[in-house]
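Student: Let me give you the structure first, and then I'll get to my questions.
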Amino acid sequence: MPTDGKESSYEVVFGDVLETLPNYPEKFNLIIADPPFGLEFDKGSHEYGADDYILYDDKFSGDEYEEFSFKWISACHGALAKSGAMYVISGWTRVGEILNAVKRTRFHLINHIIWHFGWGVFARKRYVTSHYHVLFLAKDKNDYCFVPQFSNPNTKRKGEKYEEDVWYWPQYNRGNDPDRAPNHPCQISLAVLEKIVLISSKPGDWIGDVFSGSGGTILACRRLGRNVIGFEKKKEYESTIRQKAKFGEKIIPRAEKLVKKVDLTTFLGENDKDR
Ligand SMILES: C[S@@+](CC[C@H](N)C(=O)[O-])C[C@H]1O[C@@H](n2cnc3c(N)ncnc32)[C@H](O)[C@@H]1O
């Protein structure tokens with residue numbers, strides 16, 4: 001447990017990840033990837049309630065998106081250590097192309113997780129999108145880190161821990177993380193990132209976030225005593241990343257357990273509008 005006061009190493013590398021990641025062959029024990037959605041966000045982007053978003057360039061045609069996915073997933077394969085694993089987060093609209101791309105690589109698909117989140121929005125003529133797909137991939141299907149965190153008090157197997165492939169967190173979405181920093185539109189909650197880090201890495205490991213965005217993974221890793229490199233194309237997000245991941249501030253890694261869940265009522269109403 002990293003409670004000896006030793007801080008982890010952290011940095012962000014700006015540029016196209018297809019160009020920067022090959023500089024780190026077999027470096028990482030774990031990679032987290034939350035790629036561009038491949039949606040043209042505008043007022044009509046009803047799937048993600050994105051009317052107010054000012055987004056990075058996110059336009060891809062169907063074929064382009066699969067090819068882009070194949071390229072960065074292959075680059076991640078090269079940047080992972082032999083026993084490394086990767087999590088890929090995707091909305092439902094583009095998960096088909098990502099799965100096709102994964103099949104063309106040497107990754108093994110270990111789990112296909114559904115992460116249920118709550119938007120706090122209403123839809124009258126369609127189902128409200130309230131889940132992400134999270135693909136858990138390993139380089140070697142017999143050798144990867146997996147440290148279950150969940151202990152179910154209702155089973156006979158008291159004290160034994162396991163993990164389910166549905167993550168039910170109605171209190172978390174991309175807009176309500178207590179650690180959210182300004183000027184990045186689609187931030188993943190620290191609770192989700194910390195779950196991934198705790199289950200699939202050990203203190204002192206190297207973790208890469210290949211679409212770093214606001215820098216949440218850097219903060220999660222610093223809090224949990226993992227070394228981390230974030231990769232981000234847009235230099236415009238530098239101040240957001242520095243603020244969210246507390247660059248220059250001392251962070252003493254804490255014990256290996258999940259953050260406390262926030263109450264559902266703390267966010268309902270925030271995005272509570274018809275669409
Ligand atoms: C869905 S967002 C990631 C959000 C992030 N998980 C967070 O919690 O803030 C995707 C990010 O990937 C970045 N990006 C897009 N194409 C990239 C590329 N080729 N190389 C590196 N970063 C890229 C975008 O600028 C954007 O910040």
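Identifiers for the structure tokens are assigned positionally: chains receive A, B, ... in sequence, residues are indexed from 1 per chain, and ligands are indexed from 1 in the order shown.
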So that I can check the secondary structure, give me every residue of stretch 123-223 of chain A assigned helix (DSSP H, G or I) by backbone DSSP, as a VMD selection string.
Tutor: chain A and resid 190 to 200 216 to 223
Student: What would the file look like if the residues just selected were written as a PDB file, in the first residue's frame with N, CA, C and O atoms?
Tutor:
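Generated file (selection02.pdb):
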ATOM      1  N   LEU A 190     -14.166  10.302 -11.489  1.00  0.00           N
ATOM      2  CA  LEU A 190     -13.002   9.726 -10.813  1.00  0.00           C
ATOM      3  C   LEU A 190     -13.321   8.368 -10.206  1.00  0.00           C
ATOM      4  O   LEU A 190     -12.466   7.494 -10.138  1.00  0.00           O
ATOM      5  N   ALA A 191     -14.558   8.184  -9.766  1.00  0.00           N
ATOM      6  CA  ALA A 191     -14.920   6.912  -9.138  1.00  0.00           C
ATOM      7  C   ALA A 191     -14.747   5.757 -10.120  1.00  0.00           C
ATOM      8  O   ALA A 191     -14.271   4.679  -9.754  1.00  0.00           O
ATOM      9  N   VAL A 192     -15.143   5.984 -11.368  1.00  0.00           N
ATOM     10  CA  VAL A 192     -15.021   4.930 -12.385  1.00  0.00           C
ATOM     11  C   VAL A 192     -13.543   4.683 -12.697  1.00  0.00           C
ATOM     12  O   VAL A 192     -13.093   3.540 -12.776  1.00  0.00           O
ATOM     13  N   LEU A 193     -12.796   5.757 -12.851  1.00  0.00           N
ATOM     14  CA  LEU A 193     -11.369   5.608 -13.164  1.00  0.00           C
ATOM     15  C   LEU A 193     -10.640   4.900 -12.025  1.00  0.00           C
ATOM     16  O   LEU A 193      -9.799   4.024 -12.254  1.00  0.00           O
ATOM     17  N   GLU A 194     -10.982   5.241 -10.800  1.00  0.00           N
ATOM     18  CA  GLU A 194     -10.304   4.608  -9.661  1.00  0.00           C
ATOM     19  C   GLU A 194     -10.666   3.125  -9.571  1.00  0.00           C
ATOM     20  O   GLU A 194      -9.828   2.302  -9.213  1.00  0.00           O
ATOM     21  N   LYS A 195     -11.893   2.783  -9.930  1.00  0.00           N
ATOM     22  CA  LYS A 195     -12.281   1.364  -9.934  1.00  0.00           C
ATOM     23  C   LYS A 195     -11.380   0.596 -10.903  1.00  0.00           C
ATOM     24  O   LYS A 195     -10.838  -0.454 -10.572  1.00  0.00           O
ATOM     25  N   ILE A 196     -11.228   1.130 -12.103  1.00  0.00           N
ATOM     26  CA  ILE A 196     -10.400   0.469 -13.119  1.00  0.00           C
ATOM     27  C   ILE A 196      -8.955   0.334 -12.633  1.00  0.00           C
ATOM     28  O   ILE A 196      -8.339  -0.740 -12.734  1.00  0.00           O
ATOM     29  N   VAL A 197      -8.446   1.418 -12.088  1.00  0.00           N
ATOM     30  CA  VAL A 197      -7.043   1.414 -11.631  1.00  0.00           C
ATOM     31  C   VAL A 197      -6.840   0.405 -10.507  1.00  0.00           C
ATOM     32  O   VAL A 197      -5.865  -0.359 -10.495  1.00  0.00           O
ATOM     33  N   LEU A 198      -7.769   0.366  -9.565  1.00  0.00           N
ATOM     34  CA  LEU A 198      -7.623  -0.548  -8.428  1.00  0.00           C
ATOM     35  C   LEU A 198      -7.712  -2.011  -8.849  1.00  0.00           C
ATOM     36  O   LEU A 198      -6.988  -2.861  -8.340  1.00  0.00           O
ATOM     37  N   ILE A 199      -8.607  -2.301  -9.781  1.00  0.00           N
ATOM     38  CA  ILE A 199      -8.810  -3.698 -10.177  1.00  0.00           C
ATOM     39  C   ILE A 199      -7.680  -4.185 -11.078  1.00  0.00           C
ATOM     40  O   ILE A 199      -7.253  -5.336 -10.981  1.00  0.00           O
ATOM     41  N   SER A 200      -7.168  -3.324 -11.933  1.00  0.00           N
ATOM     42  CA  SER A 200      -6.268  -3.816 -12.982  1.00  0.00           C
ATOM     43  C   SER A 200      -4.847  -3.269 -12.904  1.00  0.00           C
ATOM     44  O   SER A 200      -4.143  -3.262 -13.913  1.00  0.00           O
ATOM     45  N   GLY A 216      -8.389  13.331 -15.722  1.00  0.00           N
ATOM     46  CA  GLY A 216      -8.903  12.622 -14.546  1.00  0.00           C
ATOM     47  C   GLY A 216      -8.085  11.381 -14.190  1.00  0.00           C
ATOM     48  O   GLY A 216      -7.863  11.085 -13.011  1.00  0.00           O
ATOM     49  N   THR A 217      -7.616  10.669 -15.215  1.00  0.00           N
ATOM     50  CA  THR A 217      -6.838   9.456 -14.933  1.00  0.00           C
ATOM     51  C   THR A 217      -5.529   9.816 -14.218  1.00  0.00           C
ATOM     52  O   THR A 217      -5.049   9.057 -13.376  1.00  0.00           O
ATOM     53  N   ILE A 218      -4.983  10.977 -14.561  1.00  0.00           N
ATOM     54  CA  ILE A 218      -3.731  11.384 -13.902  1.00  0.00           C
ATOM     55  C   ILE A 218      -3.995  11.584 -12.410  1.00  0.00           C
ATOM     56  O   ILE A 218      -3.247  11.113 -11.555  1.00  0.00           O
ATOM     57  N   LEU A 219      -5.120  12.238 -12.096  1.00  0.00           N
ATOM     58  CA  LEU A 219      -5.465  12.447 -10.689  1.00  0.00           C
ATOM     59  C   LEU A 219      -5.731  11.111  -9.988  1.00  0.00           C
ATOM     60  O   LEU A 219      -5.234  10.868  -8.880  1.00  0.00           O
ATOM     61  N   ALA A 220      -6.513  10.233 -10.627  1.00  0.00           N
ATOM     62  CA  ALA A 220      -6.831   8.930 -10.016  1.00  0.00           C
ATOM     63  C   ALA A 220      -5.540   8.170  -9.702  1.00  0.00           C
ATOM     64  O   ALA A 220      -5.389   7.590  -8.619  1.00  0.00           O
ATOM     65  N   CYS A 221      -4.618   8.171 -10.643  1.00  0.00           N
ATOM     66  CA  CYS A 221      -3.365   7.427 -10.448  1.00  0.00           C
ATOM     67  C   CYS A 221      -2.520   8.055  -9.347  1.00  0.00           C
ATOM     68  O   CYS A 221      -1.914   7.346  -8.535  1.00  0.00           O
ATOM     69  N   ARG A 222      -2.479   9.351  -9.311  1.00  0.00           N
ATOM     70  CA  ARG A 222      -1.706  10.012  -8.261  1.00  0.00           C
ATOM     71  C   ARG A 222      -2.295   9.683  -6.893  1.00  0.00           C
ATOM     72  O   ARG A 222      -1.574   9.445  -5.939  1.00  0.00           O
ATOM     73  N   ARG A 223      -3.608   9.667  -6.798  1.00  0.00           N
ATOM     74  CA  ARG A 223      -4.242   9.358  -5.513  1.00  0.00           C
ATOM     75  C   ARG A 223      -3.983   7.917  -5.079  1.00  0.00           C
ATOM     76  O   ARG A 223      -4.031   7.583  -3.903  1.00  0.00           O
TER      77      ARG A 223
END
Student: Would you pick out the contacts of A:Asn152 at 12 Å or less, using only C-alpha atoms, so that residues sharing its chain but fewer than 4 positions from it are not included, and give the list as a PyMOL selection string?
Tutor: chain A and resi 148+156-164
Student: Output N, CA, C and O atoms of each residue in that selection to a file, as a JSON list (two decimals), in the first residue's frame.
Tutor:
[["chain", "number", "residue", "atom", "x", "y", "z"],
["A", 148, "PRO", "N", -10.13, -8.11, -7.62],
["A", 148, "PRO", "CA", -11.54, -7.75, -7.35],
["A", 148, "PRO", "C", -11.67, -6.92, -6.08],
["A", 148, "PRO", "O", -10.95, -7.13, -5.11],
["A", 156, "LYS", "N", -23.03, -16.46, 0.60],
["A", 156, "LYS", "CA", -22.41, -17.34, 1.59],
["A", 156, "LYS", "C", -20.89, -17.20, 1.56],
["A", 156, "LYS", "O", -20.22, -17.51, 2.51],
["A", 157, "ARG", "N", -20.38, -16.72, 0.43],
["A", 157, "ARG", "CA", -18.92, -16.60, 0.29],
["A", 157, "ARG", "C", -18.45, -15.31, 0.97],
["A", 157, "ARG", "O", -17.92, -14.41, 0.32],
["A", 158, "LYS", "N", -18.70, -15.22, 2.26],
["A", 158, "LYS", "CA", -18.40, -13.98, 3.00],
["A", 158, "LYS", "C", -16.91, -13.66, 2.90],
["A", 158, "LYS", "O", -16.07, -14.53, 3.06],
["A", 159, "GLY", "N", -16.64, -12.40, 2.63],
["A", 159, "GLY", "CA", -15.26, -11.95, 2.60],
["A", 159, "GLY", "C", -14.59, -12.16, 1.25],
["A", 159, "GLY", "O", -13.57, -11.55, 0.98],
["A", 160, "GLU", "N", -15.17, -13.02, 0.42],
["A", 160, "GLU", "CA", -14.55, -13.23, -0.90],
["A", 160, "GLU", "C", -14.98, -12.11, -1.84],
["A", 160, "GLU", "O", -16.13, -11.69, -1.84],
["A", 161, "LYS", "N", -14.05, -11.65, -2.64],
["A", 161, "LYS", "CA", -14.35, -10.53, -3.51],
["A", 161, "LYS", "C", -14.46, -10.96, -4.97],
["A", 161, "LYS", "O", -13.78, -11.90, -5.39],
["A", 162, "TYR", "N", -15.32, -10.30, -5.69],
["A", 162, "TYR", "CA", -15.47, -10.56, -7.12],
["A", 162, "TYR", "C", -15.98, -9.29, -7.78],
["A", 162, "TYR", "O", -16.28, -8.31, -7.12],
["A", 163, "GLU", "N", -16.07, -9.33, -9.10],
["A", 163, "GLU", "CA", -16.56, -8.17, -9.84],
["A", 163, "GLU", "C", -17.61, -8.62, -10.86],
["A", 163, "GLU", "O", -17.45, -9.67, -11.48],
["A", 164, "GLU", "N", -18.64, -7.82, -11.04],
["A", 164, "GLU", "CA", -19.67, -8.11, -12.04],
["A", 164, "GLU", "C", -19.45, -7.24, -13.28],
["A", 164, "GLU", "O", -18.87, -6.16, -13.18]]
Student: Using only C-alpha atoms and all ligand atoms, which protein or nucleic acid residues are at most 8 Å from ligand 1, as a ChimeraX atom specification?
Tutor: /A:14-18,33-37,56-58,72,174,184-189,209-217,231-234,237
Student: Write out the residues from the selection above, keeping C-alpha atoms, as a PDB file, in the first residue's frame.
Tutor:
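The resulting file, part17.pdb, is reproduced below:
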ATOM      1  CA  PHE A  14       0.639  16.602 -26.068  1.00  0.00           C
ATOM      2  CA  GLY A  15       0.245  15.558 -29.692  1.00  0.00           C
ATOM      3  CA  ASP A  16      -1.476  12.930 -31.788  1.00  0.00           C
ATOM      4  CA  VAL A  17      -1.305   9.693 -29.799  1.00  0.00           C
ATOM      5  CA  LEU A  18      -0.595   7.765 -33.006  1.00  0.00           C
ATOM      6  CA  ALA A  33      -8.803   4.694 -23.547  1.00  0.00           C
ATOM      7  CA  ASP A  34     -11.846   6.944 -23.803  1.00  0.00           C
ATOM      8  CA  PRO A  35     -11.599   7.799 -27.505  1.00  0.00           C
ATOM      9  CA  PRO A  36     -13.383  10.533 -29.456  1.00  0.00           C
ATOM     10  CA  PHE A  37     -16.992   9.462 -29.853  1.00  0.00           C
ATOM     11  CA  TYR A  56     -12.880  18.862 -29.966  1.00  0.00           C
ATOM     12  CA  ASP A  57     -12.901  17.726 -33.595  1.00  0.00           C
ATOM     13  CA  ASP A  58     -14.927  14.565 -33.434  1.00  0.00           C
ATOM     14  CA  TRP A  72      -4.690   3.500 -31.960  1.00  0.00           C
ATOM     15  CA  ARG A 174     -19.787  12.789 -17.562  1.00  0.00           C
ATOM     16  CA  HIS A 184     -13.512  20.043 -21.046  1.00  0.00           C
ATOM     17  CA  PRO A 185     -16.933  18.768 -22.091  1.00  0.00           C
ATOM     18  CA  CYS A 186     -16.953  15.047 -21.344  1.00  0.00           C
ATOM     19  CA  GLN A 187     -15.156  14.095 -18.163  1.00  0.00           C
ATOM     20  CA  ILE A 188     -15.296  10.616 -16.758  1.00  0.00           C
ATOM     21  CA  SER A 189     -15.976  10.364 -13.062  1.00  0.00           C
ATOM     22  CA  ASP A 209      -4.432   7.306 -20.659  1.00  0.00           C
ATOM     23  CA  VAL A 210      -4.261   7.638 -24.422  1.00  0.00           C
ATOM     24  CA  PHE A 211      -7.133  10.157 -24.709  1.00  0.00           C
ATOM     25  CA  SER A 212      -6.459  12.068 -21.544  1.00  0.00           C
ATOM     26  CA  GLY A 213      -9.019  14.841 -22.004  1.00  0.00           C
ATOM     27  CA  SER A 214      -9.381  16.670 -18.696  1.00  0.00           C
ATOM     28  CA  GLY A 215      -6.702  14.572 -16.971  1.00  0.00           C
ATOM     29  CA  GLY A 216      -8.903  12.622 -14.546  1.00  0.00           C
ATOM     30  CA  THR A 217      -6.838   9.456 -14.933  1.00  0.00           C
ATOM     31  CA  PHE A 231      -1.681  11.624 -23.907  1.00  0.00           C
ATOM     32  CA  GLU A 232      -3.765  14.437 -25.315  1.00  0.00           C
ATOM     33  CA  LYS A 233      -3.906  15.973 -28.766  1.00  0.00           C
ATOM     34  CA  LYS A 234      -5.149  19.406 -27.759  1.00  0.00           C
ATOM     35  CA  TYR A 237      -6.706  21.480 -22.444  1.00  0.00           C
TER      36      TYR A 237
END
Student: Go through A:Asp165, A:Asp140, A:Asp179, A:Glu11 one by one, measure the shortest atom-to-atom distance of each to A:Ile114 using only C-alpha atoms, and give the residue with the smallest value.
Tutor: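 Of A:Asp165, A:Asp140, A:Asp179, A:Glu11, the one nearest A:Ile114 is A:Asp165, counting only C-alpha atoms.
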Student: Between A:Ile89, A:Val147, A:Ala123, A:Val95, which residue has the minimum interatomic distance to A:Ile31, considering only C-alpha atoms?
Tutor: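 Among A:Ile89, A:Val147, A:Ala123, A:Val95, it is A:Ile89 that comes nearest to A:Ile31.
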Student: Enumerate the residues of stretch 38-182 of chain A with a DSSP assignment of strand (DSSP E), computed from the backbone, and present them as a PyMOL selection string.
Tutor: chain A and resi 80-90+108-117+131-138+150-151+161-162+166-169
